[in-house]
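Written below as structure tokens is the structure these notes are about.
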Amino acid sequence: MRIIGNKGTIVIPEFSKSTTATLAVIGEAPVTVTFPLEGNGYNYQAADVRQ
């Protein structure tokens, strides 16, 4: 998935199971953020229900 805006882009490969996202602001070096994919993707909902 690629989100394009006036100041740059955000790229999320394999959107439904991605563990990275890259922010590319025009005139700046791209920044990639990496995060773990836990379980099947619904863990945050289960955690919220338990609260």
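Just remember, in the structure tokens the first chain shown is A, the second B, etc., residues are 1-based per chain, and ligands are 1-based in the order shown.
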
So which residues of chain A fall under strand (DSSP E) by DSSP, listed as a VMD selection string? chain A and resid 2 to 4 8 to 11 20 to 25 31 to 34

Using all heavy atoms, can you write the selected residues to a file as a compact mmCIF listing (two decimals), in the first residue's frame?
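Once written, part29.txt looks like this:
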# COMPACT_ATOMS: atom_id res chain seq x y z
N ARG A 2 0.57 2.18 -0.80
CA ARG A 2 1.31 3.43 -0.88
C ARG A 2 0.33 4.58 -0.66
O ARG A 2 -0.67 4.69 -1.36
CB ARG A 2 2.00 3.58 -2.23
CG ARG A 2 2.81 4.85 -2.35
CD ARG A 2 3.51 4.92 -3.71
NE ARG A 2 4.34 3.76 -3.94
CZ ARG A 2 5.66 3.72 -3.73
NH1 ARG A 2 6.27 4.78 -3.29
NH2 ARG A 2 6.33 2.63 -3.97
N ILE A 3 0.62 5.41 0.34
CA ILE A 3 -0.18 6.59 0.62
C ILE A 3 0.63 7.79 0.17
O ILE A 3 1.76 7.98 0.63
CB ILE A 3 -0.51 6.69 2.13
CG1 ILE A 3 -1.23 5.42 2.59
CG2 ILE A 3 -1.33 7.94 2.41
CD1 ILE A 3 -1.32 5.26 4.07
N ILE A 4 0.07 8.57 -0.73
CA ILE A 4 0.80 9.69 -1.31
C ILE A 4 0.17 10.99 -0.85
O ILE A 4 -1.05 11.17 -0.94
CB ILE A 4 0.78 9.60 -2.85
CG1 ILE A 4 1.40 8.28 -3.30
CG2 ILE A 4 1.51 10.80 -3.47
CD1 ILE A 4 1.26 8.00 -4.78
N GLY A 8 5.10 13.92 0.86
CA GLY A 8 5.85 12.67 0.73
C GLY A 8 4.92 11.47 0.65
O GLY A 8 3.75 11.59 0.32
N THR A 9 5.48 10.31 0.97
CA THR A 9 4.73 9.06 0.88
C THR A 9 4.96 8.18 2.11
O THR A 9 5.97 8.30 2.79
CB THR A 9 5.13 8.24 -0.36
OG1 THR A 9 6.51 7.92 -0.26
CG2 THR A 9 4.87 8.99 -1.64
N ILE A 10 4.01 7.30 2.34
CA ILE A 10 4.15 6.24 3.33
C ILE A 10 3.94 4.93 2.57
O ILE A 10 2.95 4.78 1.86
CB ILE A 10 3.10 6.35 4.45
CG1 ILE A 10 3.24 7.68 5.18
CG2 ILE A 10 3.23 5.18 5.42
CD1 ILE A 10 2.11 7.96 6.14
N VAL A 11 4.88 4.01 2.71
CA VAL A 11 4.80 2.72 2.02
C VAL A 11 4.69 1.63 3.08
O VAL A 11 5.52 1.55 3.98
CB VAL A 11 6.04 2.48 1.12
CG1 VAL A 11 5.95 1.11 0.47
CG2 VAL A 11 6.15 3.58 0.07
N THR A 20 6.71 -3.56 8.72
CA THR A 20 7.47 -2.33 8.49
C THR A 20 6.60 -1.29 7.79
O THR A 20 5.61 -1.62 7.13
CB THR A 20 8.70 -2.58 7.59
OG1 THR A 20 8.27 -3.03 6.32
CG2 THR A 20 9.66 -3.58 8.21
N ALA A 21 7.00 -0.05 7.94
CA ALA A 21 6.39 1.06 7.22
C ALA A 21 7.51 2.05 6.94
O ALA A 21 8.37 2.27 7.80
CB ALA A 21 5.29 1.72 8.03
N THR A 22 7.52 2.65 5.76
CA THR A 22 8.55 3.60 5.40
C THR A 22 7.92 4.95 5.10
O THR A 22 7.00 5.04 4.28
CB THR A 22 9.36 3.12 4.17
OG1 THR A 22 9.94 1.85 4.49
CG2 THR A 22 10.46 4.09 3.81
N LEU A 23 8.43 5.97 5.77
CA LEU A 23 7.99 7.34 5.56
C LEU A 23 9.05 8.06 4.75
O LEU A 23 10.22 8.10 5.15
CB LEU A 23 7.78 8.05 6.89
CG LEU A 23 7.52 9.56 6.82
CD1 LEU A 23 6.20 9.83 6.12
CD2 LEU A 23 7.53 10.17 8.21
N ALA A 24 8.66 8.59 3.60
CA ALA A 24 9.59 9.32 2.75
C ALA A 24 9.07 10.74 2.57
O ALA A 24 8.09 10.97 1.86
CB ALA A 24 9.73 8.63 1.40
N VAL A 25 9.70 11.68 3.27
CA VAL A 25 9.34 13.09 3.16
C VAL A 25 10.22 13.69 2.07
O VAL A 25 11.43 13.45 2.03
CB VAL A 25 9.55 13.83 4.50
CG1 VAL A 25 9.25 15.30 4.36
CG2 VAL A 25 8.69 13.20 5.58
N VAL A 31 12.61 7.09 6.30
CA VAL A 31 12.71 6.49 7.63
C VAL A 31 11.82 5.25 7.63
O VAL A 31 10.65 5.32 7.30
CB VAL A 31 12.23 7.47 8.72
CG1 VAL A 31 12.23 6.80 10.08
CG2 VAL A 31 13.08 8.72 8.72
N THR A 32 12.42 4.11 8.01
CA THR A 32 11.67 2.86 8.08
C THR A 32 11.47 2.48 9.54
O THR A 32 12.42 2.48 10.32
CB THR A 32 12.40 1.73 7.34
OG1 THR A 32 12.53 2.10 5.96
CG2 THR A 32 11.65 0.42 7.43
N VAL A 33 10.24 2.16 9.89
CA VAL A 33 9.89 1.74 11.24
C VAL A 33 9.56 0.25 11.18
O VAL A 33 8.82 -0.19 10.30
CB VAL A 33 8.66 2.53 11.76
CG1 VAL A 33 8.27 2.08 13.14
CG2 VAL A 33 8.94 4.02 11.73
N THR A 34 10.10 -0.51 12.11
CA THR A 34 9.84 -1.95 12.18
C THR A 34 9.16 -2.26 13.50
O THR A 34 9.53 -1.73 14.54
CB THR A 34 11.16 -2.73 12.08
OG1 THR A 34 11.81 -2.36 10.86
CG2 THR A 34 10.93 -4.22 12.08

Counting only C-alpha atoms, the residue of A:Ile12, A:Asn6, A:Ile26, A:Lys17 that sits nearest Glu38 of chain A: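 For Glu38 of chain A, the nearest of the given residues is A:Lys17.
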
Determine which residues of chain A receive a DSSP assignment of helix (DSSP H, G or I), computed from the backbone, and state them as a ChimeraX atom specification. /A:15-17,43-50

For those residues, write N, CA, C and O atoms to a file as a PDB file, in the first residue's frame.
ATOM      1  N   PHE A  15       0.242  -5.053   3.264  1.00  0.00           N
ATOM      2  CA  PHE A  15      -0.504  -4.289   4.261  1.00  0.00           C
ATOM      3  C   PHE A  15      -1.114  -5.134   5.379  1.00  0.00           C
ATOM      4  O   PHE A  15      -1.000  -4.798   6.550  1.00  0.00           O
ATOM      5  N   SER A  16      -1.745  -6.244   5.065  1.00  0.00           N
ATOM      6  CA  SER A  16      -2.457  -7.024   6.091  1.00  0.00           C
ATOM      7  C   SER A  16      -1.543  -7.757   7.054  1.00  0.00           C
ATOM      8  O   SER A  16      -1.969  -8.151   8.133  1.00  0.00           O
ATOM      9  N   LYS A  17      -0.272  -7.948   6.695  1.00  0.00           N
ATOM     10  CA  LYS A  17       0.649  -8.652   7.589  1.00  0.00           C
ATOM     11  C   LYS A  17       2.026  -8.003   7.633  1.00  0.00           C
ATOM     12  O   LYS A  17       3.030  -8.651   7.863  1.00  0.00           O
ATOM     13  N   ASN A  43      -4.769  -9.529  18.389  1.00  0.00           N
ATOM     14  CA  ASN A  43      -4.365  -9.529  19.794  1.00  0.00           C
ATOM     15  C   ASN A  43      -4.741  -8.234  20.498  1.00  0.00           C
ATOM     16  O   ASN A  43      -5.128  -8.239  21.660  1.00  0.00           O
ATOM     17  N   TYR A  44      -4.615  -7.098  19.824  1.00  0.00           N
ATOM     18  CA  TYR A  44      -4.948  -5.822  20.451  1.00  0.00           C
ATOM     19  C   TYR A  44      -6.429  -5.764  20.809  1.00  0.00           C
ATOM     20  O   TYR A  44      -6.812  -5.169  21.815  1.00  0.00           O
ATOM     21  N   GLN A  45      -7.284  -6.389  20.017  1.00  0.00           N
ATOM     22  CA  GLN A  45      -8.712  -6.398  20.330  1.00  0.00           C
ATOM     23  C   GLN A  45      -8.999  -7.287  21.534  1.00  0.00           C
ATOM     24  O   GLN A  45      -9.784  -6.928  22.397  1.00  0.00           O
ATOM     25  N   ALA A  46      -8.355  -8.432  21.585  1.00  0.00           N
ATOM     26  CA  ALA A  46      -8.538  -9.332  22.733  1.00  0.00           C
ATOM     27  C   ALA A  46      -8.041  -8.670  24.009  1.00  0.00           C
ATOM     28  O   ALA A  46      -8.692  -8.760  25.050  1.00  0.00           O
ATOM     29  N   ALA A  47      -6.925  -7.972  23.953  1.00  0.00           N
ATOM     30  CA  ALA A  47      -6.390  -7.276  25.125  1.00  0.00           C
ATOM     31  C   ALA A  47      -7.359  -6.186  25.584  1.00  0.00           C
ATOM     32  O   ALA A  47      -7.543  -5.980  26.791  1.00  0.00           O
ATOM     33  N   ASP A  48      -7.977  -5.496  24.655  1.00  0.00           N
ATOM     34  CA  ASP A  48      -8.908  -4.436  25.007  1.00  0.00           C
ATOM     35  C   ASP A  48     -10.173  -4.997  25.666  1.00  0.00           C
ATOM     36  O   ASP A  48     -10.691  -4.413  26.613  1.00  0.00           O
ATOM     37  N   VAL A  49     -10.634  -6.146  25.213  1.00  0.00           N
ATOM     38  CA  VAL A  49     -11.835  -6.777  25.785  1.00  0.00           C
ATOM     39  C   VAL A  49     -11.571  -7.191  27.233  1.00  0.00           C
ATOM     40  O   VAL A  49     -12.440  -7.088  28.089  1.00  0.00           O
ATOM     41  N   ARG A  50     -10.359  -7.640  27.511  1.00  0.00           N
ATOM     42  CA  ARG A  50     -10.003  -8.076  28.876  1.00  0.00           C
ATOM     43  C   ARG A  50      -9.969  -6.918  29.860  1.00  0.00           C
ATOM     44  O   ARG A  50     -10.046  -7.139  31.052  1.00  0.00           O
TER      45      ARG A  50
END
